[in-house]
Every structure is written in C-alpha cells, then in structure tokens.
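Quick notes on the structure that follows.
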Amino acid sequence: MVKTPMLEQTVQIVSNERDTDSYFRLVLRAPQIAPLIQPGQFAHVRILPLKDALLRRPFSIFQVADDTFSILYKTVGKGTTALSRMCAGEEVSVIAPLGHGFTLPAAGGETPLLIAGGYGMAAMFLLAQRSPQKGIVFVGGRRRVDILCEKEFAALGWEVRVATEDGSHGEKGLVTQPLLAELRTPHSALRTRKLFACGPTPMLKVVGKIAEDFRVPAELSMDEHMCCGVGVCLTCVIPVKTDGGWEYQRTCTEGPVFDSRQIVWEATK
Ligand SMILES: Cc1cc2nc3c(=O)[nH]c(=O)nc-3n(C[C@H](O)[C@H](O)[C@H](O)COP(=O)(O)OP(=O)(O)OC[C@H]3O[C@@H](n4cnc5c(N)ncnc54)[C@H](O)[C@@H]3O)c2cc1C
Ligand code: FES
C-alpha cells in the first residue's frame with residue numbers, strides 16, 4: 001500500500017447514531033481527509049468534551065463518501081461514552097488517515113476471505129468495497145447484536161457467513177469455525193485464497209495459525225493500545241520477525257496491518 005499523507009483537523013459531526021446495542025456510527029465532514037483514505041487505515045480522534053481530551057482514541061475508518069468518512073465504534077469506556085453523547089454540528093479533532101492498511105486483492109487473483117470479530121468489521125468494509133475481487137466475509141461476535149453490517153457486506157456482492165458464541169445468529173461458536181470449514185472445502189487449484197482479518201488479538205492469533213497450517217497468506221490488523229498514534233511514544237509495539245531475529249515495530253506506523261508470518265506470536269502480550 002502506498003503511504004498517504006496525514007492531516008490534523010478539527011472537523012464537524014454530520015451524524016452520530018446508535019447502530020445496535022452499544023455500537024454507534026459517527027459521520028464526520030472532512031473533505032480533505034476523505035480522498036486520502038486507504039482500506040485498513042485509522043483515525044486518531046480527540047474527543048473535545050473529555051477532560052483528558054489530550055489523549056486521542058484510535059478508530060478504524062469504516063466508510064468513505066465524497067467529503068465525509070465514518071467510524072463504527074463500541075462504547076467501552078469514558079472516551080467512547082463521551083463520544084456517543086456528541087451531536088451533529090459539534091466538533092472533534094482528528095489526525096487521519098494513519099497507518100499502513102490492507103493490500104487490495106487483484107482482479108482475477110486470489111479469493112479474499114475476510115474475517116472480522118466485533119468492531120473489527122469496521123476495518124474490513126472499505127476493503128470489501130474497493131476490492132475488485134469478491135469473496136467471503138466471516139463475521140463473528142458474542143451475541144446477535146455484535147454482528148454488524150451483515151446486509152451492507154451482502155449488498156456489495158460478498159457472501160457473508162455469521163457465527164455467534166451464544167448461537168443467537170448464524171452458526172454457534174467462534175468465527176474461525178466457518179473459516180476452517182471453508183478452507184477444508186476443495187477449491188479450484190487455479191485460484192489461491194488469502195485471509196484478511198481484524199478483531200480481538202486471540203482471534204487474530206488463531207487466524208495466523210490457520211493461515212500457517214493451510215499455507216495461505218494472511219494480513220492481520222493488530223489493534224494495540226495506542227497513545228500518540230504517530231510513531232513517537234512506542235506504546236503500541238509488537239514483536240516482528242527480521243532477517244536476523246526480531247524487533248519491535250509500531251502498530252500505528254508500520255501497522256496496524258502486518259503479514260501474519262512476520263508476527264512473533266510467542267512474544268506478543
Ligand atoms: C488501530 C485501532 C483501530 C480501532 N478501531 C476501532 C473501531 O473501529 N471501533 C471501535 O469501537 N474501537 C476501535 N478501536 C478500539 C478503541 O480505540 C478503544 O475501544 C477506545 O480507545 C476506548 O476508549 P475509551 O476511552 O472509551 O475506553 P477506556 O476508558 O480507555 O478503556 C475502556 C476499556 O477499553 C479497552 N481499550 C482501550 N483501548 C483499547 C484498544 N486499542 N483495543 C482494545 N481495547 C481497548 C481498555 O482496556 C478498557 O478495558 C481501535 C483501536 C485501534 C488501536
Ligand atoms: S502509539 Fe505512539 S508510537 Fe504508536
């Protein structure tokens with residue numbers, strides 16, 4: 001992926017609406033940022049009403065229109081709760097687009113299999129939308145309300161397979177189960193498959209192992225805790241293989257997307 005410039009701007013909220021349960025969709029008017037965004041990149045958002053507003057929160061960029069981009073977020077703490085109370089017309093400060101995103105599958109090339117857990121779906125939508133090659137999206141969550149954007153992925157022409165841990169929607173169990181079933185199904189020898197995933201680290205670790213076992217390439221979005229978001233503070237590092245051994249790399253700048261074969265899983269937190 002080509003590295004794009006990033007901008008720091010105060011931008012206006014177009015809408016901030018509840019999606020399901022504790023998930024919200026925030027649309028921001030950002031005509032200079034929107035055209036720069038690549039799938040898998042993120043925005044670092046300063047929630048101005050927060051007392052500790054200096055600390056930004058990172059969110060994957062979910063959708064892009066001409067002069068807007070959106071994020072899909074879950075309320076988990078004080079930052080996201082404060083964000084959920086903001087209204088159209090109010091402002092947030094963003095640095096975006098940030099990070100190294102996904103490689104777009106080539107037309108007629110490998111079949112992309114997208115694996116998303118919980119809010120990880122937000123990172124996958126733009127990839128599905130811009131990929132000239134359609135494939136299958138595996139979406140997983142604890143409960144039915146954690147399954148987001150199912151119809152939107154289907155409307156893009158992708159096959160969608162759902163798994164919930166409580167069995168309230170789709171197959172009962174982890175999202176990696178239908179993925180395994182798919183990889184075990186005979187596939188055209190002429191077409192290779194490639195995995196793209198975003199979700200909780202334990203899920204990514206299993207996807208990395210599956211990719212290794214089935215000898216398919218995988219790109220994983222490693223969403224570590226971040227402070228600065230721009231490569232300065234080193235709070236977001238993960239161990240990555242090098243020719244001579246391994247080194248720590250920053251998920252905010254070298255990532256968040258990494259080739260799964262690069263990650264030293266034994267040394268991850
Ligand atoms: C590159 C990247 C992309 C992300 N994309 C999205 C997204 O599209 N949608 C979304 O809802 N969230 C996303 N997150 C997670 C989001 O940044 C956190 O949920 C948010 O910062 C929490 O802020 P808070 O003040 O509400 O929570 P806090 O009060 O700071 O913490 C509340 C809880 O959330 C956990 N938490 C905080 N930061 C993270 C994190 N980075 N990853 C996982 N758990 C965290 C804390 O450990 C704690 O348990 C992303 C994170 C990264 C690094
Ligand atoms: S968050 Fe500061 S270096 Fe990555």
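Going through the structure tokens in order, the chains are called A, B, and so on, while each chain numbers its residues from 1 and the ligands are numbered from 1 in the order shown.
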Do you have, as a tab-separated table, the list of residues of chain A lying at most 8 Å from ligand 1, each with its nearest atom pair and that distance in Å to one decimal, counting only C-alpha atoms and all ligand atoms and ordered by chain then number?
```
residue	atom	partner	partner_atom_place_in_ligand_line	distance
A:Tyr23	CA	ligand 1	11 (O)	7.3
A:Gln41	CA	ligand 1	1 (C)	7.5
A:Phe42	CA	ligand 1	1 (C)	5.7
A:Ala43	CA	ligand 1	3 (C)	7.9
A:Arg56	CA	ligand 1	21 (O)	7.6
A:Arg57	CA	ligand 1	21 (O)	4.2
A:Pro58	CA	ligand 1	17 (O)	4.2
A:Phe59	CA	ligand 1	5 (N)	3.4
A:Ser60	CA	ligand 1	8 (O)	3.9
A:Ile61	CA	ligand 1	8 (O)	6.5
A:Phe62	CA	ligand 1	8 (O)	6.8
A:Ile71	CA	ligand 1	8 (O)	6.0
A:Leu72	CA	ligand 1	9 (N)	5.2
A:Tyr73	CA	ligand 1	11 (O)	3.1
A:Lys74	CA	ligand 1	11 (O)	3.8
A:Thr75	CA	ligand 1	26 (O)	5.8
A:Val76	CA	ligand 1	26 (O)	4.7
A:Gly77	CA	ligand 1	26 (O)	3.3
A:Lys78	CA	ligand 1	25 (O)	4.4
A:Gly79	CA	ligand 1	25 (O)	3.1
A:Thr80	CA	ligand 1	26 (O)	3.6
A:Thr81	CA	ligand 1	26 (O)	5.9
A:Ala82	CA	ligand 1	26 (O)	7.8
A:Gly99	CA	ligand 1	1 (C)	7.9
A:Tyr119	CA	ligand 1	9 (N)	4.9
A:Gly120	CA	ligand 1	8 (O)	6.2
A:Met121	CA	ligand 1	8 (O)	7.6
A:Ala122	CA	ligand 1	8 (O)	5.0
A:Ala123	CA	ligand 1	8 (O)	6.1
A:Pro200	CA	ligand 1	43 (C)	7.4
A:Ser221	CA	ligand 1	1 (C)	7.4
A:Met222	CA	ligand 1	1 (C)	6.9
A:Asp223	CA	ligand 1	53 (C)	3.8
A:Glu224	CA	ligand 1	53 (C)	4.6
A:His225	CA	ligand 1	41 (N)	3.8
A:Met226	CA	ligand 1	53 (C)	5.6
A:Cys236	CA	ligand 1	53 (C)	7.9
A:Thr251	CA	ligand 1	1 (C)	7.5
A:Cys252	CA	ligand 1	1 (C)	6.8
A:Pro256	CA	ligand 1	1 (C)	5.8
```
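Considering only C-alpha atoms and all ligand atoms, every residue of the polymer chains approaching ligand 2 to 9 Å or closer is listed here: Glu224, His225, Met226, Cys227, Cys228, Gly229, Val230, Gly231, Val232, Cys233, Leu234, Thr235, Cys236, Val237, Gln249, Arg250, Thr251, Cys252, Thr253 and Glu254 of chain A.
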(request) Measure the distance from atom CA of Gln12 of chain A to atom CA of Val64 of chain A in Å and round it to one decimal. (result) 15.0 Å
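Computed from the coordinates, the atom CA of Phe102 of chain A to atom CA of Val14 of chain A distance equals 27.1 Å.
Nearest residue to Val94 of chain A, choosing from A:Ile47, A:Val216, A:Val137, A:Leu126 and counting only C-alpha atoms: A:Ile47.
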(request) Could you give me the residues within segment 21-193 of chain A that DSSP places in alpha helix (DSSP H), as JSON, numbers by chain? (result) {"A": [78, 79, 80, 81, 82, 83, 84, 121, 122, 123, 124, 125, 126, 127, 128, 129, 130, 150, 151, 152, 153, 154, 155, 176, 177, 178, 179, 180, 181, 182, 183, 184]}
Writing out the chosen residues with N, CA, C and O atoms as a tab-separated table (two decimals), in the first residue's frame:
```tsv
chain	number	residue	atom	x	y	z
A	78	LYS	N	-14.76	5.70	29.08
A	78	LYS	CA	-15.19	7.10	29.18
A	78	LYS	C	-15.07	7.86	27.86
A	78	LYS	O	-15.90	8.72	27.57
A	79	GLY	N	-14.06	7.53	27.04
A	79	GLY	CA	-13.90	8.24	25.78
A	79	GLY	C	-15.03	7.94	24.81
A	79	GLY	O	-15.68	8.85	24.28
A	80	THR	N	-15.30	6.66	24.62
A	80	THR	CA	-16.34	6.28	23.66
A	80	THR	C	-17.74	6.66	24.20
A	80	THR	O	-18.63	6.99	23.42
A	81	THR	N	-17.92	6.64	25.52
A	81	THR	CA	-19.22	7.06	26.09
A	81	THR	C	-19.41	8.56	25.84
A	81	THR	O	-20.49	9.00	25.42
A	82	ALA	N	-18.34	9.35	26.08
A	82	ALA	CA	-18.45	10.80	25.83
A	82	ALA	C	-18.72	11.05	24.35
A	82	ALA	O	-19.53	11.91	23.99
A	83	LEU	N	-18.06	10.28	23.49
A	83	LEU	CA	-18.26	10.45	22.04
A	83	LEU	C	-19.72	10.15	21.67
A	83	LEU	O	-20.33	10.87	20.86
A	84	SER	N	-20.28	9.11	22.29
A	84	SER	CA	-21.66	8.71	21.93
A	84	SER	C	-22.68	9.79	22.31
A	84	SER	O	-23.80	9.77	21.81
A	121	MET	N	-15.21	-5.48	12.17
A	121	MET	CA	-15.91	-5.32	10.89
A	121	MET	C	-15.69	-3.94	10.30
A	121	MET	O	-15.72	-3.76	9.08
A	122	ALA	N	-15.51	-2.95	11.16
A	122	ALA	CA	-15.33	-1.58	10.68
A	122	ALA	C	-14.09	-1.48	9.78
A	122	ALA	O	-14.10	-0.75	8.78
A	123	ALA	N	-13.05	-2.23	10.11
A	123	ALA	CA	-11.80	-2.15	9.34
A	123	ALA	C	-11.91	-2.87	8.01
A	123	ALA	O	-11.11	-2.64	7.10
A	124	MET	N	-12.91	-3.76	7.88
A	124	MET	CA	-12.98	-4.61	6.69
A	124	MET	C	-13.88	-4.04	5.58
A	124	MET	O	-13.79	-4.46	4.44
A	125	PHE	N	-14.77	-3.12	5.96
A	125	PHE	CA	-15.79	-2.71	4.99
A	125	PHE	C	-15.20	-2.06	3.74
A	125	PHE	O	-15.54	-2.41	2.61
A	126	LEU	N	-14.28	-1.12	3.96
A	126	LEU	CA	-13.70	-0.40	2.82
A	126	LEU	C	-12.90	-1.35	1.92
A	126	LEU	O	-12.86	-1.20	0.69
A	127	LEU	N	-12.26	-2.34	2.55
A	127	LEU	CA	-11.52	-3.35	1.78
A	127	LEU	C	-12.49	-4.12	0.88
A	127	LEU	O	-12.24	-4.30	-0.32
A	128	ALA	N	-13.63	-4.55	1.48
A	128	ALA	CA	-14.63	-5.29	0.69
A	128	ALA	C	-15.18	-4.41	-0.43
A	128	ALA	O	-15.38	-4.85	-1.56
A	129	GLN	N	-15.40	-3.15	-0.12
A	129	GLN	CA	-16.00	-2.23	-1.11
A	129	GLN	C	-15.05	-1.95	-2.27
A	129	GLN	O	-15.45	-1.87	-3.42
A	130	ARG	N	-13.75	-1.81	-1.96
A	130	ARG	CA	-12.80	-1.42	-3.02
A	130	ARG	C	-12.12	-2.59	-3.70
A	130	ARG	O	-11.44	-2.40	-4.71
A	150	GLU	N	-23.99	-6.85	8.31
A	150	GLU	CA	-24.17	-8.08	7.53
A	150	GLU	C	-24.81	-7.77	6.17
A	150	GLU	O	-24.33	-8.20	5.12
A	151	LYS	N	-25.88	-6.96	6.21
A	151	LYS	CA	-26.60	-6.65	4.96
A	151	LYS	C	-25.74	-5.78	4.05
A	151	LYS	O	-25.81	-5.89	2.83
A	152	GLU	N	-24.92	-4.89	4.65
A	152	GLU	CA	-24.09	-3.99	3.82
A	152	GLU	C	-23.01	-4.78	3.06
A	152	GLU	O	-22.71	-4.50	1.92
A	153	PHE	N	-22.43	-5.78	3.73
A	153	PHE	CA	-21.45	-6.63	3.03
A	153	PHE	C	-22.15	-7.40	1.90
A	153	PHE	O	-21.62	-7.52	0.80
A	154	ALA	N	-23.36	-7.93	2.21
A	154	ALA	CA	-24.09	-8.70	1.20
A	154	ALA	C	-24.46	-7.81	0.02
A	154	ALA	O	-24.38	-8.23	-1.14
A	155	ALA	N	-24.81	-6.55	0.30
A	155	ALA	CA	-25.18	-5.62	-0.77
A	155	ALA	C	-23.99	-5.32	-1.69
A	155	ALA	O	-24.17	-4.93	-2.85
A	176	THR	N	-13.89	-18.52	13.62
A	176	THR	CA	-12.86	-19.31	12.93
A	176	THR	C	-13.39	-20.70	12.52
A	176	THR	O	-12.79	-21.35	11.67
A	177	GLN	N	-14.54	-21.12	13.09
A	177	GLN	CA	-15.10	-22.43	12.69
A	177	GLN	C	-15.56	-22.44	11.23
A	177	GLN	O	-15.13	-23.30	10.46
A	178	PRO	N	-16.45	-21.50	10.82
A	178	PRO	CA	-16.83	-21.49	9.40
A	178	PRO	C	-15.64	-21.22	8.48
A	178	PRO	O	-15.61	-21.70	7.34
A	179	LEU	N	-14.63	-20.48	8.98
A	179	LEU	CA	-13.44	-20.25	8.16
A	179	LEU	C	-12.72	-21.57	7.91
A	179	LEU	O	-12.34	-21.89	6.77
A	180	LEU	N	-12.56	-22.37	8.99
A	180	LEU	CA	-11.90	-23.66	8.84
A	180	LEU	C	-12.67	-24.56	7.87
A	180	LEU	O	-12.08	-25.23	7.02
A	181	ALA	N	-14.01	-24.56	8.01
A	181	ALA	CA	-14.84	-25.39	7.13
A	181	ALA	C	-14.62	-24.98	5.67
A	181	ALA	O	-14.50	-25.84	4.78
A	182	GLU	N	-14.54	-23.67	5.42
A	182	GLU	CA	-14.32	-23.19	4.05
A	182	GLU	C	-12.95	-23.63	3.53
A	182	GLU	O	-12.82	-24.08	2.39
A	183	LEU	N	-11.93	-23.51	4.37
A	183	LEU	CA	-10.58	-23.85	3.91
A	183	LEU	C	-10.43	-25.35	3.66
A	183	LEU	O	-9.59	-25.78	2.86
A	184	ARG	N	-11.28	-26.15	4.34
A	184	ARG	CA	-11.23	-27.61	4.13
A	184	ARG	C	-12.02	-28.02	2.90
A	184	ARG	O	-11.91	-29.16	2.45
```
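Put simply, atom CA of Glu8 of chain A is 6.7 Å away from atom CA of Ala96 of chain A.
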(message) Env of Pro5 of chain A: 9 Å cut, atoms = only C-alpha atoms, seq-sep filter 2 positions within chain, self excluded. Answer as a PyMOL selection string.
(response) chain A and resi 3+7+36+96-98
(request) Apply DSSP to the structure's backbone, then extract all residues of segment 18-258 of chain A labelled strand (DSSP E or B) and return them as a VMD selection string. (result) chain A and resid 18 23 to 29 42 to 46 57 to 60 63 to 64 68 to 74 91 to 98 100 111 to 117 136 to 141 159 to 164 171 to 172 193 to 198 218 to 221 237 to 242 245 to 250 256 to 258
(request) Would you please work out which residue, of A:Leu220, A:Leu156, A:Ile13, A:Ile147, is nearest to Gly208 of chain A when using only C-alpha atoms? (result) A:Leu220
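Closest approach to Ser70 of chain A from the set A:Asp243, A:Glu17, A:Glu219, A:Glu266 is made by A:Glu17, with distances taken over only C-alpha atoms.
For Ser168 of chain A, the residues within 12 Å (counting only C-alpha atoms, excluding itself and residues fewer than 5 positions away along the chain) are Gly140, Gly141, Arg142, Arg143, Arg144, Val145, Asp146, Ile147, Val162, Ala163 and Gly173 of chain A.
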Could you write out the selected residues, including all heavy atoms, as a tab-separated table (two decimals), in the first residue's frame?
```tsv
chain	number	residue	atom	x	y	z
A	140	GLY	N	-18.07	-12.50	13.15
A	140	GLY	CA	-18.33	-13.18	14.40
A	140	GLY	C	-18.48	-12.22	15.55
A	140	GLY	O	-18.00	-11.08	15.50
A	141	GLY	N	-19.17	-12.66	16.59
A	141	GLY	CA	-19.33	-11.85	17.80
A	141	GLY	C	-19.92	-12.71	18.89
A	141	GLY	O	-20.26	-13.88	18.67
A	142	ARG	N	-20.03	-12.11	20.08
A	142	ARG	CA	-20.59	-12.87	21.21
A	142	ARG	C	-22.07	-13.16	20.98
A	142	ARG	O	-22.52	-14.28	21.14
A	142	ARG	CB	-20.44	-12.09	22.50
A	142	ARG	CG	-19.02	-12.01	22.97
A	142	ARG	CD	-18.92	-12.12	24.50
A	142	ARG	NE	-17.50	-12.19	24.82
A	142	ARG	CZ	-16.82	-11.18	25.34
A	142	ARG	NH1	-17.43	-10.07	25.64
A	142	ARG	NH2	-15.53	-11.30	25.57
A	143	ARG	N	-22.82	-12.08	20.61
A	143	ARG	CA	-24.27	-12.19	20.50
A	143	ARG	C	-24.73	-11.58	19.18
A	143	ARG	O	-23.95	-10.95	18.49
A	143	ARG	CB	-24.95	-11.41	21.64
A	143	ARG	CG	-24.47	-11.77	23.02
A	143	ARG	CD	-24.76	-10.63	23.98
A	143	ARG	NE	-24.07	-9.41	23.59
A	143	ARG	CZ	-24.41	-8.17	23.98
A	143	ARG	NH1	-25.44	-7.99	24.76
A	143	ARG	NH2	-23.74	-7.12	23.56
A	144	ARG	N	-26.00	-11.76	18.90
A	144	ARG	CA	-26.56	-11.22	17.65
A	144	ARG	C	-26.27	-9.72	17.49
A	144	ARG	O	-25.95	-9.27	16.39
A	144	ARG	CB	-28.08	-11.46	17.68
A	144	ARG	CG	-28.76	-11.12	16.40
A	144	ARG	CD	-30.26	-11.29	16.50
A	144	ARG	NE	-30.80	-11.22	15.15
A	144	ARG	CZ	-31.11	-12.27	14.42
A	144	ARG	NH1	-31.01	-13.48	14.92
A	144	ARG	NH2	-31.54	-12.14	13.18
A	145	VAL	N	-26.34	-8.97	18.60
A	145	VAL	CA	-26.15	-7.51	18.49
A	145	VAL	C	-24.70	-7.14	18.14
A	145	VAL	O	-24.42	-6.00	17.79
A	145	VAL	CB	-26.55	-6.76	19.79
A	145	VAL	CG1	-28.05	-6.72	19.96
A	145	VAL	CG2	-25.84	-7.33	21.00
A	146	ASP	N	-23.78	-8.10	18.27
A	146	ASP	CA	-22.38	-7.82	17.91
A	146	ASP	C	-22.11	-8.06	16.42
A	146	ASP	O	-20.99	-7.86	15.95
A	146	ASP	CB	-21.43	-8.71	18.74
A	146	ASP	CG	-21.55	-8.41	20.23
A	146	ASP	OD1	-21.49	-7.23	20.59
A	146	ASP	OD2	-21.75	-9.36	21.01
A	147	ILE	N	-23.13	-8.51	15.70
A	147	ILE	CA	-22.96	-8.76	14.26
A	147	ILE	C	-23.41	-7.50	13.52
A	147	ILE	O	-24.60	-7.18	13.48
A	147	ILE	CB	-23.79	-9.99	13.80
A	147	ILE	CG1	-23.38	-11.23	14.61
A	147	ILE	CG2	-23.63	-10.23	12.30
A	147	ILE	CD1	-21.92	-11.61	14.52
A	162	VAL	N	-21.99	-16.02	9.18
A	162	VAL	CA	-22.05	-15.46	10.54
A	162	VAL	C	-21.87	-16.55	11.58
A	162	VAL	O	-22.37	-17.66	11.43
A	162	VAL	CB	-23.43	-14.77	10.75
A	162	VAL	CG1	-23.57	-14.24	12.16
A	162	VAL	CG2	-23.63	-13.64	9.74
A	163	ALA	N	-21.14	-16.20	12.65
A	163	ALA	CA	-21.06	-17.10	13.81
A	163	ALA	C	-21.20	-16.27	15.08
A	163	ALA	O	-20.62	-15.19	15.19
A	163	ALA	CB	-19.72	-17.83	13.83
A	173	GLY	N	-20.75	-20.64	17.80
A	173	GLY	CA	-19.33	-20.87	18.03
A	173	GLY	C	-18.49	-19.69	17.57
A	173	GLY	O	-19.00	-18.59	17.35
```
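Among the candidates A:Gln133, A:Ser260, A:Ser15, A:Gln9, the one nearest to Arg85 of chain A when counting only C-alpha atoms is A:Ser15.
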